[in-house]
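Presented below is the structure to which this report refers.
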Amino acid sequence: MEEVVMKGKVGKYSLIASVISSIVLSVVFVLLAILKKSGMATPLYTQVDITAGAVFVFILSMIVSASVWPNIVEKRLKNKS
C-alpha cells in the first residue's frame, strides 16, 4: 500500500517539477531572445519567431525533464522517510 502512495506522490511531484522547470526555461529563452532582438538595428527575429521558439523550448524541456525529475523526486522522498 505504501508503494502505491509513494508512486502517486512521485508522479505528482515529478509533473509539477517538470512543468515549473519548463516554464522557467521558456521564460529565460523569451527574455534572452527579446534582449537579443532589442540590441539589433534590424531585428532578425519577429515576435512569432520568439513565441514559436518558446513553445519549442517548452516541449523539448518537458520531454527531457519528464525523464529526469522522477528519479530525483523518488530519491528525495526515500531520504525523507
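Residues in the C-alpha cells are named by chain (A, B, ... in the order shown) and by number from 1 within that chain; ligands are numbered from 1 in the order shown.
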
*asked:* Report as a list of chain:residue names all protein, DNA and RNA residues lying within 9 Å of stretch 51-67 of chain A, evaluated on only C-alpha atoms, omitting residues in the same chain fewer than 4 positions from it.
replied: A:Ser14, A:Leu15, A:Ala17, A:Ser18, A:Val19, A:Ser21, A:Ser22, A:Ile23, A:Val24, A:Leu25, A:Ser26, A:Val27, A:Phe29, A:Val30, A:Thr46, A:Gln47, A:Asn71

For the residues in that selection, give me N, CA and C atoms as a PDB file, in the first residue's frame.
```
ATOM      1  N   SER A  14       6.754  14.945  -9.709  1.00  0.00           N
ATOM      2  CA  SER A  14       7.555  14.972 -10.937  1.00  0.00           C
ATOM      3  C   SER A  14       6.881  15.835 -11.994  1.00  0.00           C
ATOM      4  N   LEU A  15       5.581  15.702 -12.121  1.00  0.00           N
ATOM      5  CA  LEU A  15       4.841  16.516 -13.086  1.00  0.00           C
ATOM      6  C   LEU A  15       4.948  17.998 -12.738  1.00  0.00           C
ATOM      7  N   ALA A  17       7.291  19.487 -10.965  1.00  0.00           N
ATOM      8  CA  ALA A  17       8.670  19.931 -11.186  1.00  0.00           C
ATOM      9  C   ALA A  17       8.972  20.090 -12.669  1.00  0.00           C
ATOM     10  N   SER A  18       8.461  19.185 -13.490  1.00  0.00           N
ATOM     11  CA  SER A  18       8.695  19.264 -14.934  1.00  0.00           C
ATOM     12  C   SER A  18       8.052  20.513 -15.537  1.00  0.00           C
ATOM     13  N   VAL A  19       6.824  20.770 -15.151  1.00  0.00           N
ATOM     14  CA  VAL A  19       6.120  21.940 -15.688  1.00  0.00           C
ATOM     15  C   VAL A  19       6.803  23.230 -15.235  1.00  0.00           C
ATOM     16  N   SER A  21       9.962  23.701 -14.230  1.00  0.00           N
ATOM     17  CA  SER A  21      11.271  23.879 -14.858  1.00  0.00           C
ATOM     18  C   SER A  21      11.134  24.230 -16.340  1.00  0.00           C
ATOM     19  N   SER A  22      10.155  23.674 -17.013  1.00  0.00           N
ATOM     20  CA  SER A  22       9.941  24.003 -18.424  1.00  0.00           C
ATOM     21  C   SER A  22       9.468  25.435 -18.604  1.00  0.00           C
ATOM     22  N   ILE A  23       8.613  25.899 -17.728  1.00  0.00           N
ATOM     23  CA  ILE A  23       8.154  27.293 -17.793  1.00  0.00           C
ATOM     24  C   ILE A  23       9.324  28.240 -17.540  1.00  0.00           C
ATOM     25  N   VAL A  24      10.153  27.918 -16.555  1.00  0.00           N
ATOM     26  CA  VAL A  24      11.310  28.767 -16.254  1.00  0.00           C
ATOM     27  C   VAL A  24      12.251  28.835 -17.455  1.00  0.00           C
ATOM     28  N   LEU A  25      12.522  27.694 -18.067  1.00  0.00           N
ATOM     29  CA  LEU A  25      13.401  27.681 -19.243  1.00  0.00           C
ATOM     30  C   LEU A  25      12.798  28.465 -20.405  1.00  0.00           C
ATOM     31  N   SER A  26      11.497  28.359 -20.592  1.00  0.00           N
ATOM     32  CA  SER A  26      10.841  29.111 -21.661  1.00  0.00           C
ATOM     33  C   SER A  26      10.900  30.608 -21.410  1.00  0.00           C
ATOM     34  N   VAL A  27      10.702  31.011 -20.178  1.00  0.00           N
ATOM     35  CA  VAL A  27      10.774  32.441 -19.833  1.00  0.00           C
ATOM     36  C   VAL A  27      12.194  32.955 -20.043  1.00  0.00           C
ATOM     37  N   PHE A  29      14.347  31.769 -22.154  1.00  0.00           N
ATOM     38  CA  PHE A  29      14.508  31.859 -23.605  1.00  0.00           C
ATOM     39  C   PHE A  29      13.884  33.136 -24.156  1.00  0.00           C
ATOM     40  N   VAL A  30      12.670  33.431 -23.741  1.00  0.00           N
ATOM     41  CA  VAL A  30      11.980  34.637 -24.231  1.00  0.00           C
ATOM     42  C   VAL A  30      12.742  35.897 -23.826  1.00  0.00           C
ATOM     43  N   THR A  46      11.193  37.906 -35.347  1.00  0.00           N
ATOM     44  CA  THR A  46       9.897  38.545 -35.137  1.00  0.00           C
ATOM     45  C   THR A  46       9.301  38.003 -33.833  1.00  0.00           C
ATOM     46  N   GLN A  47       8.193  38.595 -33.440  1.00  0.00           N
ATOM     47  CA  GLN A  47       7.509  38.126 -32.227  1.00  0.00           C
ATOM     48  C   GLN A  47       7.009  36.695 -32.419  1.00  0.00           C
ATOM     49  N   ASN A  71      13.385  10.396 -11.039  1.00  0.00           N
ATOM     50  CA  ASN A  71      14.473   9.817 -10.240  1.00  0.00           C
ATOM     51  C   ASN A  71      14.866  10.732  -9.090  1.00  0.00           C
TER      52      ASN A  71
END
```

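The interatomic distance for the pair atom CA of A:Pro43 and atom CA of A:Val28 works out to 18.9 Å.
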
*By how many Å are atom CA of A:Lys80 and atom CA of A:Ile20 apart?*
22.1 Å

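Proximity to A:Val73 at 7 Å, evaluated using only C-alpha atoms and with sequence-adjacent residues fewer than 4 positions away removed, yields A:Val10, A:Tyr13, A:Ser14, A:Trp69, A:Leu77.
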
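Reported to one decimal place, the separation of atom CA of A:Glu74 from atom CA of A:Lys12 is 11.1 Å.
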